[in-house]
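Down below is the structure, laid out as structure tokens.
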Amino acid sequence: MAESVPVSCPDCGDSHVFTASAYPCPCGSAVSAPLVVGAPPTLIVRRTWDEEWVTVSCTGCGRQDQWPQPELGCPCGALLRIPVRPVTAGARSDAVNAAALYLREIGFPDVLRSGEWPETGVDLRGPGMVARVDPGARPADSRAVECLWLSALTESAVSAFFSLAGYEDEARENADSLGVPLFLLDPTGVPRPVNGPAAELDRSHA
């Protein structure tokens, strides 16, 4: 199923919901670009050939092909380029390394990777910290957030969730009510707080 993300026009401020187009892979699967939830769109002023295309991996067979870069035309006349998460062979390890480095920098120097989670994601642990890194192409769901919260509660530790593709609305709501910090790993690998608990954690260890 193609993903949908909220988009705010930087020109007029209007809000939209953008759904990525799906294209047929030779294996028969429908392929759509993995959109970055929460990342601002880019205003297209001048077109270049390289920016018209994005490499997308098929979740069915792993084949990588070039597909049109997702775009949205705002009624105000602005043409917006929707951010897509790069899909590369090293995306998983890069996301884990970026999250671990960030946690060490904000005051958890002994955080290490402890193993795989039952479904997707990677577990990072250290004294006083339990974190999850989800390098998948789809937004993290509410169940993943709740599992992290329970794990941190059991160990009387602080929690932190890092995602490459963002979070479902219900996951954000649950994280706010449970006090779970949510971070978005932007295309450059930099963790960015996306809810109040994450901003508080970031400030408290600055």
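By convention in this document, the chains of the structure tokens carry letters A, B, ... by their order, each chain's residues are numbered from 1, and ligands are numbered from 1 in the order they are shown.
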Proximity check range 119-171 of chain A to range 178-188 of chain A, 7 Å, nearest pairs one decimal Å, only C-alpha atoms, as JSON lines:
```
{"residue": "A:Trp149", "atom": "CA", "partner": "A:Val180", "partner_atom": "CA", "distance": 6.6}
{"residue": "A:Ser159", "atom": "CA", "partner": "A:Val180", "partner_atom": "CA", "distance": 6.2}
{"residue": "A:Ala160", "atom": "CA", "partner": "A:Pro181", "partner_atom": "CA", "distance": 5.0}
{"residue": "A:Phe161", "atom": "CA", "partner": "A:Leu182", "partner_atom": "CA", "distance": 4.9}
{"residue": "A:Phe162", "atom": "CA", "partner": "A:Phe183", "partner_atom": "CA", "distance": 4.8}
{"residue": "A:Ser163", "atom": "CA", "partner": "A:Leu184", "partner_atom": "CA", "distance": 5.2}
{"residue": "A:Leu164", "atom": "CA", "partner": "A:Leu185", "partner_atom": "CA", "distance": 4.9}
{"residue": "A:Gly166", "atom": "CA", "partner": "A:Leu184", "partner_atom": "CA", "distance": 5.8}
```
Take the residues just selected and output them with N, CA, C and O atoms as a PDB file, in the first residue's frame.
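Final output, part-v1.pdb:
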```pdb
ATOM      1  N   TRP A 149       8.292   1.215  25.613  1.00  0.00           N
ATOM      2  CA  TRP A 149       7.908   1.804  26.895  1.00  0.00           C
ATOM      3  C   TRP A 149       7.889   0.743  27.999  1.00  0.00           C
ATOM      4  O   TRP A 149       8.412   0.969  29.092  1.00  0.00           O
ATOM      5  N   SER A 159      13.745   5.867  27.921  1.00  0.00           N
ATOM      6  CA  SER A 159      13.588   5.269  26.593  1.00  0.00           C
ATOM      7  C   SER A 159      13.781   6.310  25.509  1.00  0.00           C
ATOM      8  O   SER A 159      13.675   7.518  25.760  1.00  0.00           O
ATOM      9  N   ALA A 160      14.069   5.835  24.305  1.00  0.00           N
ATOM     10  CA  ALA A 160      14.179   6.705  23.129  1.00  0.00           C
ATOM     11  C   ALA A 160      13.933   5.866  21.887  1.00  0.00           C
ATOM     12  O   ALA A 160      14.446   4.754  21.791  1.00  0.00           O
ATOM     13  N   PHE A 161      13.136   6.383  20.985  1.00  0.00           N
ATOM     14  CA  PHE A 161      12.805   5.669  19.749  1.00  0.00           C
ATOM     15  C   PHE A 161      13.338   6.470  18.576  1.00  0.00           C
ATOM     16  O   PHE A 161      13.108   7.670  18.478  1.00  0.00           O
ATOM     17  N   PHE A 162      14.059   5.797  17.669  1.00  0.00           N
ATOM     18  CA  PHE A 162      14.607   6.429  16.468  1.00  0.00           C
ATOM     19  C   PHE A 162      14.024   5.737  15.237  1.00  0.00           C
ATOM     20  O   PHE A 162      14.044   4.503  15.145  1.00  0.00           O
ATOM     21  N   SER A 163      13.522   6.512  14.294  1.00  0.00           N
ATOM     22  CA  SER A 163      12.935   5.941  13.082  1.00  0.00           C
ATOM     23  C   SER A 163      13.415   6.693  11.851  1.00  0.00           C
ATOM     24  O   SER A 163      13.550   7.918  11.868  1.00  0.00           O
ATOM     25  N   LEU A 164      13.674   5.952  10.793  1.00  0.00           N
ATOM     26  CA  LEU A 164      14.050   6.571   9.518  1.00  0.00           C
ATOM     27  C   LEU A 164      12.832   7.067   8.748  1.00  0.00           C
ATOM     28  O   LEU A 164      12.908   8.039   8.018  1.00  0.00           O
ATOM     29  N   GLY A 166       9.702   7.808  10.111  1.00  0.00           N
ATOM     30  CA  GLY A 166       8.702   8.545  10.874  1.00  0.00           C
ATOM     31  C   GLY A 166       7.781   7.642  11.673  1.00  0.00           C
ATOM     32  O   GLY A 166       8.099   6.479  11.930  1.00  0.00           O
TER      33      GLY A 166
END
```
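The residues of range 74-172 of chain A that DSSP classifies as strand (DSSP E), using the backbone of this structure, are Leu79, Leu80, Arg81, Leu112, Arg113, Ser114, Gly115, Glu116, Val122, Asp123, Leu124, Arg125, Gly126, Met129, Val130, Ala131, Arg132, Val133, Asp134, Val158, Ser159, Ala160, Phe161, Phe162 and Ser163 of chain A.
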Write the selection just made, keeping N, CA and C atoms, as a PDB file, in the first residue's frame?
```pdb
ATOM      1  N   LEU A  79       4.978  24.350  -6.528  1.00  0.00           N
ATOM      2  CA  LEU A  79       5.222  22.946  -6.824  1.00  0.00           C
ATOM      3  C   LEU A  79       6.215  22.432  -5.793  1.00  0.00           C
ATOM      4  N   LEU A  80       5.827  21.377  -5.085  1.00  0.00           N
ATOM      5  CA  LEU A  80       6.611  20.898  -3.953  1.00  0.00           C
ATOM      6  C   LEU A  80       7.195  19.511  -4.220  1.00  0.00           C
ATOM      7  N   ARG A  81       8.465  19.350  -3.864  1.00  0.00           N
ATOM      8  CA  ARG A  81       9.117  18.043  -3.943  1.00  0.00           C
ATOM      9  C   ARG A  81       9.027  17.401  -2.566  1.00  0.00           C
ATOM     10  N   LEU A 112      25.172   0.344  23.860  1.00  0.00           N
ATOM     11  CA  LEU A 112      25.654  -0.606  22.859  1.00  0.00           C
ATOM     12  C   LEU A 112      24.478  -1.362  22.243  1.00  0.00           C
ATOM     13  N   ARG A 113      24.696  -1.892  21.067  1.00  0.00           N
ATOM     14  CA  ARG A 113      23.691  -2.725  20.425  1.00  0.00           C
ATOM     15  C   ARG A 113      23.625  -4.060  21.152  1.00  0.00           C
ATOM     16  N   SER A 114      22.402  -4.475  21.528  1.00  0.00           N
ATOM     17  CA  SER A 114      22.273  -5.711  22.302  1.00  0.00           C
ATOM     18  C   SER A 114      21.624  -6.855  21.527  1.00  0.00           C
ATOM     19  N   GLY A 115      21.036  -6.590  20.362  1.00  0.00           N
ATOM     20  CA  GLY A 115      20.434  -7.681  19.591  1.00  0.00           C
ATOM     21  C   GLY A 115      19.246  -7.224  18.772  1.00  0.00           C
ATOM     22  N   GLU A 116      18.656  -8.166  18.049  1.00  0.00           N
ATOM     23  CA  GLU A 116      17.512  -7.876  17.196  1.00  0.00           C
ATOM     24  C   GLU A 116      16.216  -7.917  17.993  1.00  0.00           C
ATOM     25  N   VAL A 122      16.287  -2.509  15.943  1.00  0.00           N
ATOM     26  CA  VAL A 122      17.488  -2.918  16.663  1.00  0.00           C
ATOM     27  C   VAL A 122      17.434  -2.351  18.073  1.00  0.00           C
ATOM     28  N   ASP A 123      17.838  -3.155  19.028  1.00  0.00           N
ATOM     29  CA  ASP A 123      17.810  -2.788  20.433  1.00  0.00           C
ATOM     30  C   ASP A 123      19.147  -2.187  20.846  1.00  0.00           C
ATOM     31  N   LEU A 124      19.121  -0.979  21.444  1.00  0.00           N
ATOM     32  CA  LEU A 124      20.310  -0.344  22.007  1.00  0.00           C
ATOM     33  C   LEU A 124      20.106  -0.196  23.507  1.00  0.00           C
ATOM     34  N   ARG A 125      21.100  -0.609  24.282  1.00  0.00           N
ATOM     35  CA  ARG A 125      20.954  -0.530  25.736  1.00  0.00           C
ATOM     36  C   ARG A 125      22.239  -0.048  26.395  1.00  0.00           C
ATOM     37  N   GLY A 126      22.047   0.597  27.532  1.00  0.00           N
ATOM     38  CA  GLY A 126      23.153   1.043  28.360  1.00  0.00           C
ATOM     39  C   GLY A 126      22.604   1.376  29.725  1.00  0.00           C
ATOM     40  N   MET A 129      19.350   3.547  30.011  1.00  0.00           N
ATOM     41  CA  MET A 129      18.797   3.833  28.689  1.00  0.00           C
ATOM     42  C   MET A 129      18.401   2.564  27.947  1.00  0.00           C
ATOM     43  N   VAL A 130      17.199   2.567  27.390  1.00  0.00           N
ATOM     44  CA  VAL A 130      16.735   1.521  26.483  1.00  0.00           C
ATOM     45  C   VAL A 130      16.216   2.224  25.233  1.00  0.00           C
ATOM     46  N   ALA A 131      16.769   1.909  24.075  1.00  0.00           N
ATOM     47  CA  ALA A 131      16.372   2.585  22.837  1.00  0.00           C
ATOM     48  C   ALA A 131      16.058   1.574  21.744  1.00  0.00           C
ATOM     49  N   ARG A 132      15.250   2.008  20.823  1.00  0.00           N
ATOM     50  CA  ARG A 132      14.954   1.195  19.649  1.00  0.00           C
ATOM     51  C   ARG A 132      15.225   2.009  18.408  1.00  0.00           C
ATOM     52  N   VAL A 133      15.847   1.369  17.420  1.00  0.00           N
ATOM     53  CA  VAL A 133      16.108   1.997  16.127  1.00  0.00           C
ATOM     54  C   VAL A 133      15.344   1.215  15.061  1.00  0.00           C
ATOM     55  N   ASP A 134      14.449   1.889  14.357  1.00  0.00           N
ATOM     56  CA  ASP A 134      13.673   1.260  13.285  1.00  0.00           C
ATOM     57  C   ASP A 134      14.131   1.824  11.945  1.00  0.00           C
ATOM     58  N   VAL A 158      15.381   5.233  31.027  1.00  0.00           N
ATOM     59  CA  VAL A 158      14.862   6.209  30.064  1.00  0.00           C
ATOM     60  C   VAL A 158      14.751   5.517  28.717  1.00  0.00           C
ATOM     61  N   SER A 159      13.745   5.867  27.921  1.00  0.00           N
ATOM     62  CA  SER A 159      13.588   5.269  26.593  1.00  0.00           C
ATOM     63  C   SER A 159      13.781   6.310  25.509  1.00  0.00           C
ATOM     64  N   ALA A 160      14.069   5.835  24.305  1.00  0.00           N
ATOM     65  CA  ALA A 160      14.179   6.705  23.129  1.00  0.00           C
ATOM     66  C   ALA A 160      13.933   5.866  21.887  1.00  0.00           C
ATOM     67  N   PHE A 161      13.136   6.383  20.985  1.00  0.00           N
ATOM     68  CA  PHE A 161      12.805   5.669  19.749  1.00  0.00           C
ATOM     69  C   PHE A 161      13.338   6.470  18.576  1.00  0.00           C
ATOM     70  N   PHE A 162      14.059   5.797  17.669  1.00  0.00           N
ATOM     71  CA  PHE A 162      14.607   6.429  16.468  1.00  0.00           C
ATOM     72  C   PHE A 162      14.024   5.737  15.237  1.00  0.00           C
ATOM     73  N   SER A 163      13.522   6.512  14.294  1.00  0.00           N
ATOM     74  CA  SER A 163      12.935   5.941  13.082  1.00  0.00           C
ATOM     75  C   SER A 163      13.415   6.693  11.851  1.00  0.00           C
TER      76      SER A 163
END
```
Suppose you want the space between CA of Leu201 in chain A and CA of Val36 in chain A; what is it in Å? 22.5 Å
Here is a test: counting only C-alpha atoms, which residue of A:Pro41, A:Pro6, A:Gly196, A:Pro70 is nearest to Ser21 in chain A?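 For Ser21 in chain A, the nearest of the given residues is A:Pro70.
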Top pick for closest residue to Val7 in chain A, considering A:Glu173, A:Glu71, A:Glu200, A:Asp110 and counting only C-alpha atoms: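 Comparing A:Glu173, A:Glu71, A:Glu200, A:Asp110 against Val7 in chain A, the winner is A:Glu71.
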For Ala78 in chain A, work out the shell of residues within 9 Å, counting only C-alpha atoms and skipping chain neighbours fewer than 6 positions away, then give it as a list in words. Cys9, Pro10, Asp11, Cys12, Leu43, Ile44, Val45 and Leu72 of chain A
Writer output for current selection, all heavy atoms, as a JSON list (two decimals), in the first residue's frame:
```
[["chain", "number", "residue", "atom", "x", "y", "z"],
["A", 9, "CYS", "N", 2.62, 23.48, 2.81],
["A", 9, "CYS", "CA", 3.24, 24.28, 1.76],
["A", 9, "CYS", "C", 4.07, 25.41, 2.38],
["A", 9, "CYS", "O", 3.55, 26.20, 3.17],
["A", 9, "CYS", "CB", 2.17, 24.87, 0.85],
["A", 9, "CYS", "SG", 2.85, 25.96, -0.44],
["A", 10, "PRO", "N", 5.35, 25.50, 2.05],
["A", 10, "PRO", "CA", 6.19, 26.56, 2.61],
["A", 10, "PRO", "C", 5.86, 27.94, 2.05],
["A", 10, "PRO", "O", 6.28, 28.95, 2.60],
["A", 10, "PRO", "CB", 7.61, 26.13, 2.20],
["A", 10, "PRO", "CG", 7.42, 25.30, 0.97],
["A", 10, "PRO", "CD", 6.11, 24.60, 1.17],
["A", 11, "ASP", "N", 5.09, 27.97, 0.94],
["A", 11, "ASP", "CA", 4.75, 29.26, 0.32],
["A", 11, "ASP", "C", 3.53, 29.91, 0.97],
["A", 11, "ASP", "O", 3.55, 31.08, 1.32],
["A", 11, "ASP", "CB", 4.50, 29.04, -1.18],
["A", 11, "ASP", "CG", 5.38, 29.95, -2.03],
["A", 11, "ASP", "OD1", 6.40, 30.44, -1.51],
["A", 11, "ASP", "OD2", 5.04, 30.16, -3.21],
["A", 12, "CYS", "N", 2.44, 29.10, 1.13],
["A", 12, "CYS", "CA", 1.19, 29.67, 1.65],
["A", 12, "CYS", "C", 0.78, 29.12, 3.01],
["A", 12, "CYS", "O", -0.11, 29.66, 3.65],
["A", 12, "CYS", "CB", 0.07, 29.45, 0.64],
["A", 12, "CYS", "SG", -0.41, 27.70, 0.46],
["A", 43, "LEU", "N", 10.55, 23.50, -2.18],
["A", 43, "LEU", "CA", 9.90, 24.28, -3.22],
["A", 43, "LEU", "C", 10.70, 24.16, -4.51],
["A", 43, "LEU", "O", 11.90, 24.45, -4.53],
["A", 43, "LEU", "CB", 9.80, 25.74, -2.79],
["A", 43, "LEU", "CG", 8.93, 26.67, -3.62],
["A", 43, "LEU", "CD1", 7.48, 26.24, -3.58],
["A", 43, "LEU", "CD2", 9.08, 28.10, -3.12],
["A", 44, "ILE", "N", 10.06, 23.71, -5.58],
["A", 44, "ILE", "CA", 10.75, 23.54, -6.86],
["A", 44, "ILE", "C", 10.74, 24.86, -7.61],
["A", 44, "ILE", "O", 9.68, 25.38, -7.99],
["A", 44, "ILE", "CB", 10.09, 22.44, -7.71],
["A", 44, "ILE", "CG1", 10.14, 21.09, -6.98],
["A", 44, "ILE", "CG2", 10.78, 22.33, -9.07],
["A", 44, "ILE", "CD1", 9.42, 19.98, -7.71],
["A", 45, "VAL", "N", 11.90, 25.42, -7.81],
["A", 45, "VAL", "CA", 12.03, 26.68, -8.54],
["A", 45, "VAL", "C", 12.58, 26.43, -9.93],
["A", 45, "VAL", "O", 12.12, 27.00, -10.92],
["A", 45, "VAL", "CB", 12.97, 27.65, -7.77],
["A", 45, "VAL", "CG1", 13.13, 28.95, -8.55],
["A", 45, "VAL", "CG2", 12.42, 27.93, -6.38],
["A", 72, "LEU", "N", 4.05, 17.45, -5.39],
["A", 72, "LEU", "CA", 2.69, 17.88, -5.08],
["A", 72, "LEU", "C", 2.50, 19.31, -5.57],
["A", 72, "LEU", "O", 3.32, 20.18, -5.29],
["A", 72, "LEU", "CB", 2.45, 17.82, -3.57],
["A", 72, "LEU", "CG", 1.17, 18.47, -3.04],
["A", 72, "LEU", "CD1", -0.06, 17.68, -3.52],
["A", 72, "LEU", "CD2", 1.19, 18.54, -1.52]]
```
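Note that DSSP on the backbone gives helix (DSSP H, G or I) to these residues of range 106-152 of chain A: Ser142, Arg143, Ala144, Val145, Glu146, Cys147, Leu148, Trp149, Leu150, Ser151 and Ala152 of chain A.
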Include N, CA and C atoms and write out the residues we just selected as a short mmCIF file (atom, residue, chain, number, x, y, z; two decimals), in the first residue's frame.
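Result file is again.cif:
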```
data_model
loop_
_atom_site.label_atom_id
_atom_site.label_comp_id
_atom_site.auth_asym_id
_atom_site.auth_seq_id
_atom_site.Cartn_x
_atom_site.Cartn_y
_atom_site.Cartn_z
N SER A 142 2.18 2.01 16.67
CA SER A 142 1.92 2.20 18.09
C SER A 142 2.43 1.02 18.93
N ARG A 143 2.32 -0.18 18.38
CA ARG A 143 2.75 -1.37 19.12
C ARG A 143 4.25 -1.32 19.42
N ALA A 144 5.03 -0.86 18.47
CA ALA A 144 6.48 -0.77 18.66
C ALA A 144 6.81 0.23 19.77
N VAL A 145 6.09 1.34 19.80
CA VAL A 145 6.31 2.35 20.84
C VAL A 145 5.95 1.79 22.21
N GLU A 146 4.82 1.07 22.30
CA GLU A 146 4.39 0.50 23.57
C GLU A 146 5.37 -0.55 24.08
N CYS A 147 5.92 -1.37 23.16
CA CYS A 147 6.89 -2.39 23.55
C CYS A 147 8.14 -1.74 24.14
N LEU A 148 8.58 -0.65 23.54
CA LEU A 148 9.75 0.06 24.06
C LEU A 148 9.45 0.63 25.45
N TRP A 149 8.29 1.22 25.61
CA TRP A 149 7.91 1.80 26.89
C TRP A 149 7.89 0.74 28.00
N LEU A 150 7.32 -0.43 27.71
CA LEU A 150 7.26 -1.51 28.69
C LEU A 150 8.66 -2.00 29.05
N SER A 151 9.51 -2.11 28.06
CA SER A 151 10.88 -2.57 28.30
C SER A 151 11.63 -1.59 29.19
N ALA A 152 11.48 -0.29 28.91
CA ALA A 152 12.14 0.73 29.73
C ALA A 152 11.56 0.76 31.14
#
```
Give me, as a list in words, all polymer residues having an atom no more than 7 Å from Ala99 in chain A, counting only C-alpha atoms and skipping those fewer than 3 positions away in the same chain.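 Surrounding residues, per the criterion: Ala95, Val96, Tyr102, Leu103, Phe162 and Pro191 of chain A.
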